[in-house]
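Asks: Got a structure for you, written out below as structure tokens; questions coming shortly.
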Amino acid sequence: MTHAHPLKLFNSLTRQLEAFQPVHPGEARVYTCGPTVYNYPHIGNMRAYVFADVLGRTLSYKGYKLSHVINITDVGHLTDDADAGEDKLEKAAQASAQSIWDIAKHYTQAYWADIAALNIRQPMQWSIATDYVPAMIEFGKRIADKHCYQLDSGLYFDVSTVADYGRLARAATEEGEGRIEQVDGKRHPADFAIWRKTPPGEKRQMEWDSPWGRGAPGWHLECSVMSGELLGFPFDIHTGGIDHREIHHPNEIAQNQAFCCSGGLDVPANSGANLWMHNNFLVERSGKMSKSSGEFLRLQLLIDKGYHPLAYRLMCLQAHYRSELEFSWDGLGAALTRLKRLVMAVAGLRAQAAPATPPGPRFAAFLDRFDAALSDDLNTPVALTVVEEVAALKKVDAGEKLAAIAAMDAVLGLDLLAVDRADLRLRPRTATITEAEIESTLAARKAARAEKDFATSDALRDQLAAQGVEAMDGDPLGWEWKLGEG
Ligand code: AMP
Ligand code: ZN
């Protein structure tokens, strides 16, 4: 497969497209900010991991040996990204009367289930924040004298001690600063906690001894520590959602600069990573994305309504990761149809042949365009259309065509060679009728129609409809029935 095009990625730090130059030849080291496990992830959160997965798969396909770390935040993330509010996990534990460790375990498992359902590859390591508290204390000790000061509430980072603070955000705006000034005694509104002391007389479920008193680490510290420890500074790429450009990543960068000798950000490596990449948001106009709304948009809700989770993955790929993407059920339905067409094309090929690698010269121009699209800052919308063009090619060898599609799908991750056509049928969880019942009623209806007994045929059709099954005569995709929402 052709890899002729140099990989160009958009660096949020320099605000430009840059050719990827690995720090260690032949390797790519990537760190992704992971979930805070105090609740289920919503599908917007999962867009961030689909993006990181496509980035990782692209680096693998380009031949780099990938080392990918995703963290699990089980301590320190407050209800406000600044230093105000309660710890999200402590709060969830109080609300549910469960131990914080049980809460973290439950939501970590739920997050991993979504990761698997979306065919997101396992990273080299899931790093769990609470495993790194001693390392966080060591990191804090190294930067404390030159860059931090103590208040009654804990140890704070003085952002004026590093050059170019906030360059990533370019948002040292009045508004931004106003939002951060929550703690009495801070020298600058943007200063942030490295260590938060447990207030006198209180006891937290998660707290540790430190040179700055018993307490818990500030949220930003964990990512600096885990990325530096597991990937080594500077590493290649740091990813996260676009909201992290404002506070979390500028603060991580300031910590990294302090740790790695305070150099300014005209040299991107001083930030700890050469490239900082951010996915834009998935938005939903009626507010169902908010975890505080009753039935928020979890992947499981999509599955319960009958959508295959990979339809959501395809929906993500239809948009460029730096564009906002609007969620709608119609949009998801359209993505499901697109996935069905691809899966059916591949199923037809698999019935005829095994993949014949490498694909022959007929496919070279397509594979080159696929490579060009991905190399252009991960242009998955264009890459997807190339896969569809190949799937539609006539008079080509089935095995070679299958191999070409497989090679492209290794990057897009739609699992086209493994998903079964029947799994893509819209099948809400509330439906009770079995597929066998549907098939036998449809067979009886076919027989009635063959004998021109239209009264029976219509009666059978109505009987199915009463159970939520719509018979689909002449469906262009050859689907004979679908289940509506019961
Ligand atoms: P959190 O668990 O809140 O730390 O978020 C996990 C990841 O999801 C972070 O990278 C966020 O930036 C990202 N994120 C949050 N909301 C959205 C959204 N609506 N669309 C895309 N990414 C999001
Ligand atoms: Zn982070």
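How things are named: the first chain in the structure tokens is A, the next is B, and so on; residues count from 1 in each chain; ligands count from 1 in the order shown.
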With only C-alpha atoms and all ligand atoms counted, collect every polymer residue having an atom within 8 Å of ligand 1; state the result as a ChimeraX atom specification.
Replies: /A:32-37,41-49,73,239-244,278-283,289
Asks: For ligand 2, list the contacting residues at 12 Å or closer, counting only C-alpha atoms and all ligand atoms, as an MDAnalysis selection string.
Replies: chainID A and resid 31:36 69:77 81 127:129 218:227 238:245 247:253 276 278
Asks: Dump N, CA and C atoms for the selected residues as a compact mmCIF listing (two decimals), in the first residue's frame?
Replies:
# COMPACT_ATOMS: atom_id res chain seq x y z
N TYR A 31 0.03 10.52 23.84
CA TYR A 31 -0.69 10.52 25.12
C TYR A 31 -2.06 11.16 24.92
N THR A 32 -3.08 10.49 25.41
CA THR A 32 -4.46 10.97 25.28
C THR A 32 -5.08 11.17 26.65
N CYS A 33 -5.63 12.36 26.88
CA CYS A 33 -6.33 12.59 28.14
C CYS A 33 -7.59 11.74 28.17
N GLY A 34 -7.68 10.92 29.20
CA GLY A 34 -8.78 9.97 29.28
C GLY A 34 -9.93 10.49 30.13
N PRO A 35 -10.86 9.60 30.43
CA PRO A 35 -12.09 10.03 31.10
C PRO A 35 -11.90 10.21 32.60
N THR A 36 -12.77 11.03 33.18
CA THR A 36 -12.91 11.09 34.63
C THR A 36 -14.04 10.13 34.97
N VAL A 69 -0.66 5.95 25.23
CA VAL A 69 -1.11 5.89 26.63
C VAL A 69 -2.41 6.68 26.75
N ILE A 70 -3.40 6.09 27.39
CA ILE A 70 -4.63 6.83 27.74
C ILE A 70 -4.77 6.72 29.25
N ASN A 71 -5.03 7.85 29.90
CA ASN A 71 -5.13 7.78 31.36
C ASN A 71 -6.58 7.62 31.80
N ILE A 72 -6.74 7.18 33.01
CA ILE A 72 -8.04 7.11 33.66
C ILE A 72 -7.95 8.03 34.88
N THR A 73 -8.76 9.07 34.90
CA THR A 73 -8.72 10.01 36.03
C THR A 73 -9.66 9.53 37.11
N ASP A 74 -9.08 9.05 38.21
CA ASP A 74 -9.93 8.59 39.31
C ASP A 74 -9.69 9.43 40.56
N VAL A 75 -8.99 10.54 40.40
CA VAL A 75 -8.80 11.45 41.55
C VAL A 75 -8.52 12.84 41.01
N GLY A 76 -8.95 13.84 41.76
CA GLY A 76 -8.43 15.19 41.54
C GLY A 76 -9.22 16.10 40.61
N HIS A 77 -10.13 15.54 39.79
CA HIS A 77 -10.84 16.38 38.82
C HIS A 77 -12.04 17.01 39.53
N ASP A 81 -13.33 23.09 36.13
CA ASP A 81 -11.98 22.82 35.65
C ASP A 81 -10.94 23.67 36.36
N SER A 127 -3.22 4.23 31.91
CA SER A 127 -2.56 4.60 33.17
C SER A 127 -3.61 5.16 34.13
N ILE A 128 -3.61 4.63 35.34
CA ILE A 128 -4.62 4.99 36.33
C ILE A 128 -4.00 6.03 37.26
N ALA A 129 -4.66 7.17 37.39
CA ALA A 129 -4.05 8.29 38.12
C ALA A 129 -3.63 7.91 39.54
N GLY A 218 -3.65 18.04 42.47
CA GLY A 218 -4.45 18.81 41.52
C GLY A 218 -4.60 17.99 40.24
N TRP A 219 -5.66 18.23 39.52
CA TRP A 219 -6.00 17.40 38.35
C TRP A 219 -4.94 17.44 37.27
N HIS A 220 -4.36 18.64 37.01
CA HIS A 220 -3.45 18.76 35.87
C HIS A 220 -2.16 17.98 36.07
N LEU A 221 -1.81 17.77 37.35
CA LEU A 221 -0.52 17.15 37.65
C LEU A 221 -0.43 15.73 37.08
N GLU A 222 -1.52 15.00 37.17
CA GLU A 222 -1.44 13.58 36.79
C GLU A 222 -1.00 13.39 35.34
N CYS A 223 -1.51 14.24 34.44
CA CYS A 223 -1.18 14.01 33.03
C CYS A 223 0.28 14.33 32.73
N SER A 224 0.80 15.38 33.38
CA SER A 224 2.23 15.67 33.21
C SER A 224 3.06 14.49 33.69
N VAL A 225 2.69 13.95 34.84
CA VAL A 225 3.49 12.89 35.45
C VAL A 225 3.41 11.60 34.64
N MET A 226 2.20 11.21 34.28
CA MET A 226 2.06 9.92 33.57
C MET A 226 2.62 9.99 32.16
N SER A 227 2.42 11.13 31.48
CA SER A 227 2.95 11.21 30.11
C SER A 227 4.47 11.23 30.14
N HIS A 238 0.24 14.93 21.97
CA HIS A 238 -0.68 14.91 23.09
C HIS A 238 -2.07 15.24 22.54
N THR A 239 -3.08 14.45 22.88
CA THR A 239 -4.42 14.73 22.35
C THR A 239 -5.44 14.94 23.47
N GLY A 240 -6.55 15.56 23.08
CA GLY A 240 -7.68 15.76 24.00
C GLY A 240 -8.77 16.52 23.28
N GLY A 241 -9.88 16.72 23.96
CA GLY A 241 -10.97 17.50 23.37
C GLY A 241 -10.62 18.99 23.41
N ILE A 242 -11.32 19.75 22.59
CA ILE A 242 -10.97 21.15 22.37
C ILE A 242 -11.11 21.98 23.65
N ASP A 243 -11.95 21.54 24.59
CA ASP A 243 -12.08 22.28 25.85
C ASP A 243 -10.76 22.28 26.63
N HIS A 244 -9.93 21.25 26.42
CA HIS A 244 -8.67 21.18 27.15
C HIS A 244 -7.65 22.21 26.69
N ARG A 245 -7.92 22.85 25.55
CA ARG A 245 -7.01 23.91 25.10
C ARG A 245 -7.04 25.11 26.03
N ILE A 247 -7.71 25.34 29.67
CA ILE A 247 -7.15 25.33 31.04
C ILE A 247 -6.23 24.11 31.27
N HIS A 248 -6.78 22.92 31.02
CA HIS A 248 -6.04 21.72 31.40
C HIS A 248 -4.69 21.63 30.67
N HIS A 249 -4.69 21.79 29.38
CA HIS A 249 -3.43 21.63 28.66
C HIS A 249 -2.46 22.80 28.84
N PRO A 250 -2.93 24.06 28.89
CA PRO A 250 -1.97 25.12 29.25
C PRO A 250 -1.30 24.85 30.60
N ASN A 251 -2.08 24.30 31.53
CA ASN A 251 -1.49 24.04 32.86
C ASN A 251 -0.55 22.84 32.83
N GLU A 252 -0.90 21.83 32.07
CA GLU A 252 0.03 20.72 31.90
C GLU A 252 1.33 21.22 31.28
N ILE A 253 1.20 22.06 30.27
CA ILE A 253 2.38 22.59 29.58
C ILE A 253 3.25 23.38 30.56
N TRP A 276 0.30 19.23 19.83
CA TRP A 276 -0.90 19.15 20.67
C TRP A 276 -2.08 19.15 19.73
N HIS A 278 -6.33 18.55 19.08
CA HIS A 278 -7.61 18.61 19.78
C HIS A 278 -8.78 18.35 18.84
Asks: Report, in Å to a single decimal, how far apart CA of Leu297 in chain A and CA of Glu284 in chain A are.
Replies: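 Separation between CA of Glu284 in chain A and CA of Leu297 in chain A: 9.2 Å.
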Asks: For Asn11 in chain A, please output as a PyMOL selection string all residues within 9 Å (counting only C-alpha atoms; exclusion window: fewer than 2 positions along the same chain).
Replies: chain A and resi 9+13-18+274-278
Asks: How would the residues just chosen look if you wrote them out with all heavy atoms as a compact mmCIF listing (two decimals), in the first residue's frame?
Replies:
# COMPACT_ATOMS: atom_id res chain seq x y z
N LEU A 9 -0.10 17.13 10.27
CA LEU A 9 -1.07 17.21 11.37
C LEU A 9 -1.16 18.64 11.87
O LEU A 9 -0.15 19.38 11.85
CB LEU A 9 -0.64 16.28 12.51
CG LEU A 9 -0.52 14.80 12.14
CD1 LEU A 9 0.17 14.01 13.25
CD2 LEU A 9 -1.89 14.20 11.83
N LEU A 13 -0.68 24.17 19.15
CA LEU A 13 0.26 25.08 19.81
C LEU A 13 0.79 26.13 18.83
O LEU A 13 0.94 27.29 19.17
CB LEU A 13 1.41 24.26 20.41
CG LEU A 13 2.35 24.96 21.37
CD1 LEU A 13 1.60 25.52 22.57
CD2 LEU A 13 3.43 23.98 21.87
N THR A 14 1.07 25.70 17.61
CA THR A 14 1.60 26.65 16.61
C THR A 14 0.49 27.13 15.68
O THR A 14 0.71 28.00 14.85
CB THR A 14 2.70 25.99 15.75
OG1 THR A 14 2.13 24.82 15.15
CG2 THR A 14 3.89 25.58 16.60
N ARG A 15 -0.68 26.54 15.81
CA ARG A 15 -1.83 26.85 14.96
C ARG A 15 -1.52 26.66 13.48
O ARG A 15 -1.94 27.44 12.63
CB ARG A 15 -2.31 28.30 15.18
CG ARG A 15 -2.89 28.59 16.55
CD ARG A 15 -4.25 27.93 16.72
NE ARG A 15 -5.06 28.57 17.74
CZ ARG A 15 -5.08 28.22 19.03
NH1 ARG A 15 -4.32 27.23 19.46
NH2 ARG A 15 -5.86 28.83 19.88
N GLN A 16 -0.75 25.61 13.19
CA GLN A 16 -0.52 25.32 11.77
C GLN A 16 -0.33 23.84 11.51
O GLN A 16 -0.08 23.06 12.43
CB GLN A 16 0.66 26.12 11.23
CG GLN A 16 1.96 25.83 11.94
CD GLN A 16 3.06 26.82 11.56
OE1 GLN A 16 2.79 27.87 10.99
NE2 GLN A 16 4.30 26.48 11.88
N LEU A 17 -0.46 23.50 10.21
CA LEU A 17 -0.21 22.12 9.80
C LEU A 17 1.29 21.88 9.81
O LEU A 17 2.05 22.71 9.32
CB LEU A 17 -0.71 21.90 8.37
CG LEU A 17 -2.17 21.58 8.15
CD1 LEU A 17 -2.42 21.39 6.66
CD2 LEU A 17 -2.58 20.31 8.91
N GLU A 18 1.69 20.75 10.35
CA GLU A 18 3.12 20.45 10.41
C GLU A 18 3.37 19.02 9.95
O GLU A 18 2.57 18.13 10.24
CB GLU A 18 3.63 20.58 11.86
CG GLU A 18 3.64 22.02 12.32
CD GLU A 18 4.00 22.17 13.79
OE1 GLU A 18 4.37 21.17 14.43
OE2 GLU A 18 3.90 23.30 14.28
N ASN A 274 5.72 17.51 21.05
CA ASN A 274 5.93 18.34 19.87
C ASN A 274 4.63 18.84 19.27
O ASN A 274 4.58 19.91 18.68
CB ASN A 274 6.70 17.55 18.81
CG ASN A 274 8.20 17.62 19.06
OD1 ASN A 274 8.66 18.52 19.77
ND2 ASN A 274 8.94 16.67 18.51
N LEU A 275 3.59 18.03 19.39
CA LEU A 275 2.30 18.40 18.79
C LEU A 275 1.19 18.26 19.81
O LEU A 275 1.13 17.26 20.54
CB LEU A 275 1.97 17.43 17.65
CG LEU A 275 2.60 17.63 16.29
CD1 LEU A 275 2.94 16.30 15.70
CD2 LEU A 275 1.62 18.36 15.38
N TRP A 276 0.30 19.23 19.83
CA TRP A 276 -0.90 19.15 20.67
C TRP A 276 -2.08 19.15 19.73
O TRP A 276 -2.26 20.08 18.94
CB TRP A 276 -0.94 20.34 21.64
CG TRP A 276 0.15 20.27 22.67
CD1 TRP A 276 1.47 20.56 22.47
CD2 TRP A 276 0.01 19.84 24.03
NE1 TRP A 276 2.17 20.34 23.65
CE2 TRP A 276 1.30 19.92 24.62
CE3 TRP A 276 -1.06 19.43 24.83
CZ2 TRP A 276 1.55 19.58 25.95
CZ3 TRP A 276 -0.82 19.10 26.16
CH2 TRP A 276 0.47 19.17 26.70
N MET A 277 -2.87 18.08 19.78
CA MET A 277 -3.99 17.96 18.84
C MET A 277 -5.31 17.88 19.61
O MET A 277 -5.39 17.19 20.63
CB MET A 277 -3.82 16.71 17.97
CG MET A 277 -2.61 16.80 17.04
SD MET A 277 -2.41 15.30 16.06
CE MET A 277 -3.81 15.42 14.95
N HIS A 278 -6.33 18.55 19.08
CA HIS A 278 -7.61 18.61 19.78
C HIS A 278 -8.78 18.35 18.84
O HIS A 278 -8.86 18.95 17.77
CB HIS A 278 -7.77 19.99 20.44
CG HIS A 278 -6.73 20.24 21.49
ND1 HIS A 278 -5.57 20.91 21.23
CD2 HIS A 278 -6.70 19.85 22.79
CE1 HIS A 278 -4.83 20.94 22.33
NE2 HIS A 278 -5.49 20.30 23.30
Asks: I'd like the contact shell of Tyr156 in chain A - 12 Å cut-off, only C-alpha atoms, skipping same-chain residues fewer than 4 positions apart - returned as an NGL selection string.
Replies: :A and (83 or 140 or 143-152 or 160-161 or 183-197 or 212 or 217-218 or 220-221 or 251 or 255)
